[in-house]
Each structure stands twice: as structure tokens, then as C-alpha cells.
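Here is final_35.pdb, consisting of PDB, C-alpha atoms, pLDDT in the B column:
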```pdb
ATOM      1  CA  MET A   1      -7.264 136.327  11.557  1.00 45.00           C
ATOM      2  CA  ALA A   2      -6.209 135.479   8.005  1.00 47.00           C
ATOM      3  CA  PRO A   3      -8.029 137.309   5.252  1.00 49.00           C
ATOM      4  CA  LEU A   4     -10.944 135.472   3.633  1.00 43.00           C
ATOM      5  CA  SER A   5      -9.239 135.643   0.228  1.00 46.00           C
ATOM      6  CA  SER A   6      -6.202 133.776   1.610  1.00 52.00           C
ATOM      7  CA  LEU A   7      -8.403 130.999   2.999  1.00 42.00           C
ATOM      8  CA  LEU A   8     -10.165 130.587  -0.347  1.00 42.00           C
ATOM      9  CA  THR A   9      -6.817 130.431  -2.131  1.00 51.00           C
ATOM     10  CA  VAL A  10      -5.565 127.668   0.172  1.00 45.00           C
ATOM     11  CA  ALA A  11      -8.823 125.695  -0.252  1.00 48.00           C
ATOM     12  CA  LEU A  12      -8.665 125.893  -4.046  1.00 45.00           C
ATOM     13  CA  ALA A  13      -5.025 124.834  -4.088  1.00 48.00           C
ATOM     14  CA  THR A  14      -5.763 121.857  -1.840  1.00 49.00           C
ATOM     15  CA  SER A  15      -8.653 120.750  -4.058  1.00 47.00           C
ATOM     16  CA  ALA A  16      -6.534 121.001  -7.188  1.00 44.00           C
ATOM     17  CA  VAL A  17      -3.802 118.852  -5.667  1.00 44.00           C
ATOM     18  CA  ALA A  18      -6.341 116.283  -4.493  1.00 45.00           C
ATOM     19  CA  PHE A  19      -7.816 115.794  -7.959  1.00 45.00           C
ATOM     20  CA  SER A  20      -4.569 116.060  -9.937  1.00 48.00           C
ATOM     21  CA  PRO A  21      -3.301 112.882 -11.732  1.00 47.00           C
ATOM     22  CA  SER A  22      -0.029 113.026  -9.818  1.00 47.00           C
ATOM     23  CA  SER A  23      -1.654 112.880  -6.402  1.00 45.00           C
ATOM     24  CA  GLY A  24      -0.488 110.160  -4.050  1.00 47.00           C
ATOM     25  CA  VAL A  25      -3.993 108.674  -3.584  1.00 46.00           C
ATOM     26  CA  ALA A  26      -3.796 104.905  -4.061  1.00 48.00           C
ATOM     27  CA  THR A  27      -6.101 103.388  -6.659  1.00 50.00           C
ATOM     28  CA  THR A  28      -7.138  99.768  -6.962  1.00 53.00           C
ATOM     29  CA  SER A  29      -7.047  98.189 -10.412  1.00 58.00           C
ATOM     30  CA  ARG A  30      -9.209  95.262 -11.456  1.00 61.00           C
ATOM     31  CA  PRO A  31      -7.884  92.587 -13.814  1.00 58.00           C
ATOM     32  CA  SER A  32      -9.136  92.852 -17.359  1.00 57.00           C
ATOM     33  CA  THR A  33     -12.000  90.471 -18.108  1.00 55.00           C
ATOM     34  CA  LYS A  34     -11.922  90.960 -21.865  1.00 53.00           C
ATOM     35  CA  LEU A  35     -11.703  87.695 -23.783  1.00 50.00           C
ATOM     36  CA  ASN A  36     -10.157  87.557 -27.240  1.00 53.00           C
ATOM     37  CA  GLU A  37     -10.439  84.737 -29.742  1.00 56.00           C
ATOM     38  CA  ASN A  38      -8.675  84.483 -33.084  1.00 58.00           C
ATOM     39  CA  PHE A  39     -10.743  81.543 -34.384  1.00 60.00           C
ATOM     40  CA  GLY A  40      -7.576  80.080 -35.879  1.00 60.00           C
ATOM     41  CA  PHE A  41      -6.938  82.968 -38.288  1.00 65.00           C
ATOM     42  CA  ASP A  42      -3.381  84.287 -38.510  1.00 66.00           C
ATOM     43  CA  PHE A  43      -4.513  87.864 -39.086  1.00 64.00           C
ATOM     44  CA  ALA A  44      -6.723  87.896 -35.982  1.00 65.00           C
ATOM     45  CA  GLU A  45      -5.655  88.814 -32.470  1.00 66.00           C
ATOM     46  CA  ASP A  46      -3.718  86.236 -30.475  1.00 66.00           C
ATOM     47  CA  GLN A  47      -5.733  85.444 -27.367  1.00 68.00           C
ATOM     48  CA  VAL A  48      -2.616  84.197 -25.568  1.00 68.00           C
ATOM     49  CA  GLU A  49      -0.999  87.626 -25.887  1.00 71.00           C
ATOM     50  CA  ASN A  50      -4.127  89.700 -25.228  1.00 70.00           C
ATOM     51  CA  THR A  51      -5.848  87.668 -22.515  1.00 76.00           C
ATOM     52  CA  PRO A  52      -4.698  87.552 -18.873  1.00 79.00           C
ATOM     53  CA  GLN A  53      -3.561  84.071 -17.878  1.00 76.00           C
ATOM     54  CA  ILE A  54      -6.112  83.948 -15.070  1.00 79.00           C
ATOM     55  CA  ILE A  55      -9.010  83.826 -17.562  1.00 78.00           C
ATOM     56  CA  LEU A  56      -7.261  82.225 -20.537  1.00 76.00           C
ATOM     57  CA  GLY A  57      -9.184  79.138 -21.580  1.00 76.00           C
ATOM     58  CA  GLU A  58     -12.603  77.863 -20.583  1.00 74.00           C
ATOM     59  CA  ALA A  59     -11.422  76.057 -17.443  1.00 77.00           C
ATOM     60  CA  ASN A  60      -9.517  79.085 -16.102  1.00 79.00           C
ATOM     61  CA  TYR A  61     -12.390  81.428 -16.935  1.00 78.00           C
ATOM     62  CA  LYS A  62     -14.935  79.258 -15.082  1.00 75.00           C
ATOM     63  CA  LYS A  63     -12.615  78.992 -12.091  1.00 80.00           C
ATOM     64  CA  TRP A  64     -12.102  82.756 -11.999  1.00 82.00           C
ATOM     65  CA  LEU A  65     -15.844  83.365 -12.377  1.00 77.00           C
ATOM     66  CA  ASN A  66     -16.587  81.066  -9.440  1.00 78.00           C
ATOM     67  CA  GLY A  67     -14.260  83.172  -7.332  1.00 79.00           C
ATOM     68  CA  VAL A  68     -16.073  86.366  -8.339  1.00 80.00           C
ATOM     69  CA  ASP A  69     -19.636  85.045  -8.072  1.00 77.00           C
ATOM     70  CA  PRO A  70     -20.223  81.433  -6.947  1.00 71.00           C
ATOM     71  CA  ASN A  71     -23.845  81.685  -8.081  1.00 69.00           C
ATOM     72  CA  ASN A  72     -22.992  82.682 -11.646  1.00 69.00           C
ATOM     73  CA  MET A  73     -25.071  81.534 -14.616  1.00 64.00           C
ATOM     74  CA  LEU A  74     -22.132  79.872 -16.378  1.00 66.00           C
ATOM     75  CA  ASN A  75     -21.462  77.288 -13.658  1.00 67.00           C
ATOM     76  CA  ARG A  76     -24.920  77.056 -12.141  1.00 73.00           C
ATOM     77  CA  GLN A  77     -26.638  73.669 -12.410  1.00 80.00           C
ATOM     78  CA  TYR A  78     -30.336  72.839 -12.351  1.00 86.00           C
ATOM     79  CA  PRO A  79     -31.104  71.040  -9.033  1.00 89.00           C
ATOM     80  CA  VAL A  80     -32.408  67.783 -10.492  1.00 91.00           C
ATOM     81  CA  LEU A  81     -32.744  65.745  -7.301  1.00 91.00           C
ATOM     82  CA  THR A  82     -34.142  68.662  -5.317  1.00 93.00           C
ATOM     83  CA  ARG A  83     -36.887  69.380  -7.847  1.00 93.00           C
ATOM     84  CA  VAL A  84     -37.759  65.678  -8.207  1.00 94.00           C
ATOM     85  CA  ARG A  85     -38.244  65.515  -4.439  1.00 94.00           C
ATOM     86  CA  GLU A  86     -40.165  68.803  -4.245  1.00 94.00           C
ATOM     87  CA  LEU A  87     -42.549  67.801  -7.057  1.00 94.00           C
ATOM     88  CA  GLY A  88     -43.049  64.330  -5.600  1.00 94.00           C
ATOM     89  CA  LEU A  89     -42.326  62.647  -8.929  1.00 94.00           C
ATOM     90  CA  LEU A  90     -41.318  59.314  -7.408  1.00 93.00           C
ATOM     91  CA  GLU A  91     -44.555  59.106  -5.448  1.00 94.00           C
ATOM     92  CA  LYS A  92     -46.633  60.036  -8.511  1.00 94.00           C
ATOM     93  CA  THR A  93     -44.791  57.467 -10.623  1.00 94.00           C
ATOM     94  CA  ALA A  94     -45.599  54.780  -8.065  1.00 93.00           C
ATOM     95  CA  GLU A  95     -49.231  55.882  -7.706  1.00 94.00           C
ATOM     96  CA  LEU A  96     -49.775  55.749 -11.472  1.00 93.00           C
ATOM     97  CA  GLY A  97     -48.070  52.355 -11.724  1.00 93.00           C
ATOM     98  CA  VAL A  98     -45.749  53.482 -14.516  1.00 92.00           C
ATOM     99  CA  LEU A  99     -43.062  50.913 -13.719  1.00 90.00           C
ATOM    100  CA  SER A 100     -45.522  48.020 -13.531  1.00 91.00           C
ATOM    101  CA  LYS A 101     -47.052  49.120 -16.831  1.00 92.00           C
ATOM    102  CA  LEU A 102     -43.612  49.200 -18.432  1.00 90.00           C
ATOM    103  CA  GLU A 103     -43.022  45.641 -17.221  1.00 90.00           C
ATOM    104  CA  LYS A 104     -46.387  44.676 -18.689  1.00 90.00           C
ATOM    105  CA  GLN A 105     -45.220  46.060 -22.030  1.00 88.00           C
ATOM    106  CA  GLY A 106     -42.066  43.937 -21.802  1.00 87.00           C
ATOM    107  CA  LEU A 107     -39.490  46.336 -20.333  1.00 85.00           C
ATOM    108  CA  THR A 108     -38.162  44.246 -17.449  1.00 84.00           C
ATOM    109  CA  LEU A 109     -34.946  44.887 -15.532  1.00 82.00           C
ATOM    110  CA  GLU A 110     -33.277  42.046 -17.428  1.00 84.00           C
ATOM    111  CA  LYS A 111     -34.337  43.531 -20.760  1.00 84.00           C
ATOM    112  CA  ALA A 112     -33.070  46.960 -19.701  1.00 83.00           C
ATOM    113  CA  GLU A 113     -29.647  45.470 -18.902  1.00 84.00           C
ATOM    114  CA  GLN A 114     -29.568  43.867 -22.340  1.00 83.00           C
ATOM    115  CA  LEU A 115     -30.225  47.236 -23.974  1.00 82.00           C
ATOM    116  CA  LEU A 116     -27.174  48.930 -22.392  1.00 83.00           C
ATOM    117  CA  PRO A 117     -24.559  47.383 -24.741  1.00 86.00           C
ATOM    118  CA  ALA A 118     -26.696  48.332 -27.751  1.00 81.00           C
ATOM    119  CA  LEU A 119     -26.981  51.909 -26.516  1.00 82.00           C
ATOM    120  CA  GLU A 120     -23.211  52.043 -26.005  1.00 84.00           C
ATOM    121  CA  GLU A 121     -22.601  50.772 -29.541  1.00 86.00           C
ATOM    122  CA  LEU A 122     -24.817  53.543 -30.878  1.00 82.00           C
ATOM    123  CA  GLY A 123     -22.786  56.062 -28.881  1.00 85.00           C
ATOM    124  CA  LEU A 124     -25.785  57.277 -26.893  1.00 84.00           C
ATOM    125  CA  LEU A 125     -24.241  56.663 -23.477  1.00 82.00           C
ATOM    126  CA  SER A 126     -21.047  58.475 -24.487  1.00 85.00           C
ATOM    127  CA  LEU A 127     -23.143  61.313 -25.886  1.00 85.00           C
ATOM    128  CA  VAL A 128     -24.930  61.694 -22.561  1.00 85.00           C
ATOM    129  CA  ALA A 129     -21.669  61.513 -20.593  1.00 83.00           C
ATOM    130  CA  ASN A 130     -20.012  64.193 -22.719  1.00 84.00           C
ATOM    131  CA  ASN A 131     -22.956  66.587 -22.578  1.00 83.00           C
ATOM    132  CA  GLN A 132     -23.998  66.410 -18.944  1.00 82.00           C
ATOM    133  CA  GLN A 133     -24.017  70.177 -18.442  1.00 79.00           C
ATOM    134  CA  LEU A 134     -26.198  70.731 -21.510  1.00 80.00           C
ATOM    135  CA  LEU A 135     -28.636  67.983 -20.555  1.00 84.00           C
ATOM    136  CA  ILE A 136     -28.889  69.071 -16.908  1.00 85.00           C
ATOM    137  CA  ASN A 137     -29.471  72.747 -17.685  1.00 83.00           C
ATOM    138  CA  GLY A 138     -31.246  72.337 -21.016  1.00 84.00           C
ATOM    139  CA  LEU A 139     -33.362  69.183 -21.175  1.00 86.00           C
ATOM    140  CA  ALA A 140     -33.829  68.324 -17.502  1.00 89.00           C
ATOM    141  CA  PRO A 141     -35.772  71.495 -16.520  1.00 90.00           C
ATOM    142  CA  ALA A 142     -38.357  70.983 -19.265  1.00 88.00           C
ATOM    143  CA  ALA A 143     -38.731  67.265 -18.542  1.00 90.00           C
ATOM    144  CA  ILE A 144     -38.900  67.525 -14.756  1.00 93.00           C
ATOM    145  CA  GLU A 145     -41.075  70.643 -14.506  1.00 94.00           C
ATOM    146  CA  GLY A 146     -43.521  69.187 -17.038  1.00 92.00           C
ATOM    147  CA  ALA A 147     -43.508  65.709 -15.500  1.00 93.00           C
ATOM    148  CA  PRO A 148     -46.555  66.256 -13.213  1.00 94.00           C
ATOM    149  CA  LEU A 149     -48.661  66.845 -16.330  1.00 93.00           C
ATOM    150  CA  LEU A 150     -46.952  64.256 -18.537  1.00 92.00           C
ATOM    151  CA  LEU A 151     -46.927  61.305 -16.143  1.00 94.00           C
ATOM    152  CA  PRO A 152     -50.712  60.671 -16.289  1.00 94.00           C
ATOM    153  CA  VAL A 153     -50.598  60.881 -20.089  1.00 94.00           C
ATOM    154  CA  VAL A 154     -47.658  58.461 -20.275  1.00 93.00           C
ATOM    155  CA  ALA A 155     -49.370  56.068 -17.869  1.00 94.00           C
ATOM    156  CA  GLY A 156     -52.523  56.104 -19.990  1.00 94.00           C
ATOM    157  CA  ALA A 157     -50.542  55.532 -23.175  1.00 94.00           C
ATOM    158  CA  LEU A 158     -48.734  52.577 -21.600  1.00 93.00           C
ATOM    159  CA  ASP A 159     -52.120  51.045 -20.751  1.00 92.00           C
ATOM    160  CA  ILE A 160     -53.061  51.157 -24.444  1.00 93.00           C
ATOM    161  CA  GLY A 161     -49.710  50.105 -25.877  1.00 91.00           C
ATOM    162  CA  PRO A 162     -47.592  51.103 -28.894  1.00 92.00           C
ATOM    163  CA  SER A 163     -50.622  52.244 -30.892  1.00 93.00           C
ATOM    164  CA  ALA A 164     -51.122  55.169 -28.485  1.00 94.00           C
ATOM    165  CA  PHE A 165     -47.617  56.458 -29.194  1.00 95.00           C
ATOM    166  CA  PHE A 166     -48.034  56.018 -32.941  1.00 95.00           C
ATOM    167  CA  LEU A 167     -51.320  57.895 -32.746  1.00 95.00           C
ATOM    168  CA  GLY A 168     -49.628  60.699 -30.797  1.00 94.00           C
ATOM    169  CA  ALA A 169     -46.841  60.894 -33.393  1.00 95.00           C
ATOM    170  CA  ALA A 170     -49.366  61.108 -36.215  1.00 96.00           C
ATOM    171  CA  GLY A 171     -51.321  63.766 -34.336  1.00 95.00           C
ATOM    172  CA  ALA A 172     -48.266  65.945 -33.764  1.00 94.00           C
ATOM    173  CA  ALA A 173     -47.163  65.670 -37.397  1.00 94.00           C
ATOM    174  CA  GLY A 174     -50.723  66.267 -38.608  1.00 95.00           C
ATOM    175  CA  LEU A 175     -51.098  69.377 -36.466  1.00 94.00           C
ATOM    176  CA  ASP A 176     -47.904  70.844 -37.875  1.00 93.00           C
ATOM    177  CA  ALA A 177     -49.048  70.057 -41.406  1.00 94.00           C
ATOM    178  CA  TYR A 178     -52.370  71.795 -40.710  1.00 94.00           C
ATOM    179  CA  LEU A 179     -50.593  74.896 -39.414  1.00 92.00           C
ATOM    180  CA  PHE A 180     -48.563  75.061 -42.603  1.00 91.00           C
ATOM    181  CA  ALA A 181     -51.609  74.480 -44.842  1.00 92.00           C
ATOM    182  CA  SER A 182     -53.721  77.092 -43.074  1.00 92.00           C
ATOM    183  CA  GLY A 183     -50.998  79.731 -43.281  1.00 89.00           C
ATOM    184  CA  ALA A 184     -51.434  80.569 -39.607  1.00 90.00           C
ATOM    185  CA  GLU A 185     -48.990  83.035 -38.088  1.00 90.00           C
ATOM    186  CA  VAL A 186     -47.676  83.604 -34.574  1.00 89.00           C
ATOM    187  CA  PRO A 187     -49.426  86.687 -33.095  1.00 89.00           C
ATOM    188  CA  PHE A 188     -47.323  89.858 -32.837  1.00 84.00           C
ATOM    189  CA  LEU A 189     -44.373  88.168 -34.575  1.00 84.00           C
ATOM    190  CA  GLY A 190     -45.735  87.481 -38.032  1.00 86.00           C
ATOM    191  CA  LEU A 191     -43.815  84.194 -38.249  1.00 88.00           C
ATOM    192  CA  SER A 192     -45.278  81.030 -39.713  1.00 90.00           C
ATOM    193  CA  ALA A 193     -46.974  79.015 -36.982  1.00 90.00           C
ATOM    194  CA  GLY A 194     -46.098  75.829 -38.850  1.00 89.00           C
ATOM    195  CA  ALA A 195     -42.391  76.682 -38.838  1.00 92.00           C
ATOM    196  CA  VAL A 196     -42.333  77.732 -35.193  1.00 91.00           C
ATOM    197  CA  GLY A 197     -44.539  74.893 -34.015  1.00 91.00           C
ATOM    198  CA  GLY A 198     -42.541  72.438 -36.077  1.00 91.00           C
ATOM    199  CA  LEU A 199     -39.533  73.046 -33.846  1.00 91.00           C
ATOM    200  CA  LEU A 200     -41.476  71.211 -31.136  1.00 90.00           C
ATOM    201  CA  LEU A 201     -44.043  69.097 -32.998  1.00 92.00           C
ATOM    202  CA  ILE A 202     -41.699  67.385 -35.464  1.00 94.00           C
ATOM    203  CA  PRO A 203     -39.146  66.234 -32.837  1.00 91.00           C
ATOM    204  CA  LEU A 204     -42.070  65.197 -30.623  1.00 91.00           C
ATOM    205  CA  SER A 205     -43.603  63.097 -33.402  1.00 94.00           C
ATOM    206  CA  VAL A 206     -40.238  61.415 -34.055  1.00 94.00           C
ATOM    207  CA  VAL A 207     -39.731  60.636 -30.357  1.00 92.00           C
ATOM    208  CA  LEU A 208     -43.247  59.219 -30.001  1.00 93.00           C
ATOM    209  CA  ALA A 209     -42.820  57.056 -33.097  1.00 94.00           C
ATOM    210  CA  VAL A 210     -39.470  55.733 -31.846  1.00 92.00           C
ATOM    211  CA  VAL A 211     -40.902  54.989 -28.388  1.00 92.00           C
ATOM    212  CA  GLY A 212     -43.897  53.234 -29.917  1.00 92.00           C
ATOM    213  CA  GLY A 213     -41.642  51.127 -32.109  1.00 91.00           C
ATOM    214  CA  ALA A 214     -39.359  50.293 -29.175  1.00 88.00           C
ATOM    215  CA  ILE A 215     -42.288  49.220 -26.972  1.00 89.00           C
ATOM    216  CA  GLY A 216     -43.625  47.104 -29.819  1.00 87.00           C
ATOM    217  CA  ASN A 217     -40.276  45.351 -30.216  1.00 85.00           C
ATOM    218  CA  LEU A 218     -40.026  44.608 -26.505  1.00 80.00           C
ATOM    219  CA  LYS A 219     -42.765  42.012 -26.757  1.00 70.00           C
ATOM    220  CA  ASN A 220     -41.157  40.321 -29.775  1.00 64.00           C
TER     221      ASN A 220
END
```
Please rewrite the model in this file as C-alpha cells.
Amino acid sequence: MAPLSSLLTVALATSAVAFSPSSGVATTSRPSTKLNENFGFDFAEDQVENTPQIILGEANYKKWLNGVDPNNMLNRQYPVLTRVRELGLLEKTAELGVLSKLEKQGLTLEKAEQLLPALEELGLLSLVANNQQLLINGLAPAAIEGAPLLLPVVAGALDIGPSAFFLGAAGAAGLDAYLFASGAEVPFLGLSAGAVGGLLLIPLSVVLAVVGGAIGNLKN
């Protein structure tokens, strides 16, 4: 039987060879995912030289990311049609008579077709077409998820007419003005409630005023 010291020596030698850098154990290398951008400056790094071709550019990077994780946040889209069906928005719209109330206010199918060229001249249709991803993942979730609560309010406002939208615009602007005047702050943050609330209230007041003006012009 070999001495115990000889066995220990062989074991230590084997372990050293196994963990040495020159061992023949194959290692798998992953492609670098580091992105570099020079922002157009000559003194900055050149992304073409420093970035692997497989992830160079937005299109290549999205394609590579889909291969790594198909459910990634960068390419994921909000399921608009699925959520509309799950929330029953079409049924609620019909029950509340929103479309018939819009026709009563003057927004017929013929009038809607006449508005399309005007919207195209203003560049609104092109703006929507060029920002589909932003609208689907940014605006659509807020509009669709809040629709069950907003539809009854919209239906009631359409019953009243443009004055309801003007009143809502004045109320939103007045509330923001009150928050500023009172010096109210957001709890735990110490930020001005008027400034934070204004990010929502001011755009809301503008939208309501525009909608009220548009509905008023439909009857003219």
C-alpha cells in the first residue's frame, strides 16, 4: 500500500493542475453587451470600434435582446386589444350610449371623415404613426386601465355639452392654483404639491378646454 504522504502529494498536485490557468478545461465566453456612444464628439470613444456588430445600433440590439429574452422590457408591448376585451370597454361604451351622445353633439361619421385631412395637415396622424411604441406603452395603459372609471364621467359630460368640459378645465386649473397658493407639499417628499400636481392638472385642463371647444364647433 502506498504511504499516506504519497497519496496526499498526488492529490495536491492534481488539484493544482486542475485550477491552474493553463489547464485544458474548456471555458465558454459570452459576447460583450457593453454599449458605447460617442455622442458625435471626436474625443469620445468610437462605438463602431468598441461595440460588437451583433449589438451595434438600436435595431441590432433589439434583435439580439429578443434572442436572449423574448419577454424583455425593451420590446414588450402593452396588450391593448386584450385589455379592452378583458375590461369590457366596448360593452360599457355601448351601455352608456357614448357614441350616440357624440352624434347628438354633432360628431357624425361624415364629420369624422372630414376631420382626417385637417389632422394630417397639422401633422397629428404622422406624429401618432411615428410614435406608436411610446403611445402603446406610455399613454395606452393609463387610458385603458382608467377607462372603466372615466367612461361614466365622459358620458355625463356629453349629456351636458361643451360647458361641462370647460367647467372641468377651469376646475383642474383652479385646483392647481389653490395648491400653489396654499403652499401645500407632497408628504414625505417635501415637494410643492402645486408643481407636482400641475404635471397632471395643467395638461388635463388644456385637453378638456380643447375638447370642449371642438365639441362646440361641431354644431356650428
Produce a table with one row for each residue of range 48-107 of chain A that has an atom at most 8 Å from any atom of range 140-148 of chain A, each row naming the nearest atom pair and its distance in Å at one decimal; use all atoms listed in the file; arrange rows by chain and rising residue number; format as JSON lines.
```
{"residue": "A:Tyr78", "atom": "CA", "partner": "A:Pro141", "partner_atom": "CA", "distance": 7.0}
{"residue": "A:Val80", "atom": "CA", "partner": "A:Ala140", "partner_atom": "CA", "distance": 7.2}
{"residue": "A:Arg83", "atom": "CA", "partner": "A:Ile144", "partner_atom": "CA", "distance": 7.4}
{"residue": "A:Val84", "atom": "CA", "partner": "A:Ile144", "partner_atom": "CA", "distance": 6.9}
{"residue": "A:Leu87", "atom": "CA", "partner": "A:Pro148", "partner_atom": "CA", "distance": 7.5}
{"residue": "A:Leu89", "atom": "CA", "partner": "A:Pro148", "partner_atom": "CA", "distance": 7.0}
{"residue": "A:Lys92", "atom": "CA", "partner": "A:Pro148", "partner_atom": "CA", "distance": 7.8}
```
Take the residues just selected and output them with C-alpha atoms as a PDB file, in the frame of the given file.
```pdb
ATOM      1  CA  TYR A  78     -30.336  72.839 -12.351  1.00 86.00           C
ATOM      2  CA  VAL A  80     -32.408  67.783 -10.492  1.00 91.00           C
ATOM      3  CA  ARG A  83     -36.887  69.380  -7.847  1.00 93.00           C
ATOM      4  CA  VAL A  84     -37.759  65.678  -8.207  1.00 94.00           C
ATOM      5  CA  LEU A  87     -42.549  67.801  -7.057  1.00 94.00           C
ATOM      6  CA  LEU A  89     -42.326  62.647  -8.929  1.00 94.00           C
ATOM      7  CA  LYS A  92     -46.633  60.036  -8.511  1.00 94.00           C
TER       8      LYS A  92
END
```
Please enumerate the residues selected by the PyMOL selection byres ((chain A and resi 97) around 12) when evaluated against the supplied file, formatted as a list in words.
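Applied to this file, the PyMOL selection byres ((chain A and resi 97) around 12) returns Leu90, Glu91, Lys92, Thr93, Ala94, Glu95, Leu96, Val98, Leu99, Ser100, Lys101, Leu102, Glu103, Lys104, Leu151, Pro152, Val154, Ala155, Gly156, Leu158 and Asp159 of chain A.
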Once the PyMOL selection byres ((chain A and resi 206) around 10) is applied to the coordinates I shared, what remains selected? I want it as a list in words.
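Answer for the PyMOL selection byres ((chain A and resi 206) around 10): Phe166, Gly168, Ala169, Ala170, Ala172, Ala173, Leu201, Ile202, Pro203, Leu204, Ser205, Val207, Leu208, Ala209, Val210, Val211 and Gly212 of chain A.
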Expanded to explicit residues, what is the PyMOL selection byres ((chain A and resi 215) around 8) for this file, as a PyMOL selection string?
chain A and resi 105-107+161-162+211-214+216-219
Expressed in Å to a single decimal, how great is the separation between CA of Leu109 in chain A and CA of Phe165 in chain A?
21.9 Å
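Atom to atom, CA of Leu81 in chain A and CA of Tyr61 in chain A stand 27.4 Å apart.
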Non-local contacts of Gly183 in chain A (8 Å; only C-alpha atoms; under 4 positions in same chain excluded) as an NGL selection string:
:A and (179 or 192-194)
So how far away is CA of Asn130 in chain A from CA of Pro52 in chain A, in Å?
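One can read the CA of Pro52 in chain A to CA of Asn130 in chain A distance as 28.2 Å.
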Let me have the centre and edge lengths in Å, one decimal, of the box along x, y and z around every listed atom of range 108-126 of chain A with 4 Å of margin on each side, as AutoDock Vina command-line options.
```
--center_x -29.6 --center_y 50.3 --center_z -23.2 --size_x 25.1 --size_y 24.4 --size_z 23.3
```
Between A:Trp64, A:Gln77, A:Glu185, A:Glu49, which one has atoms that come closest to Leu139 in chain A, using only C-alpha atoms?
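Nearest to Leu139 in chain A: A:Gln77.
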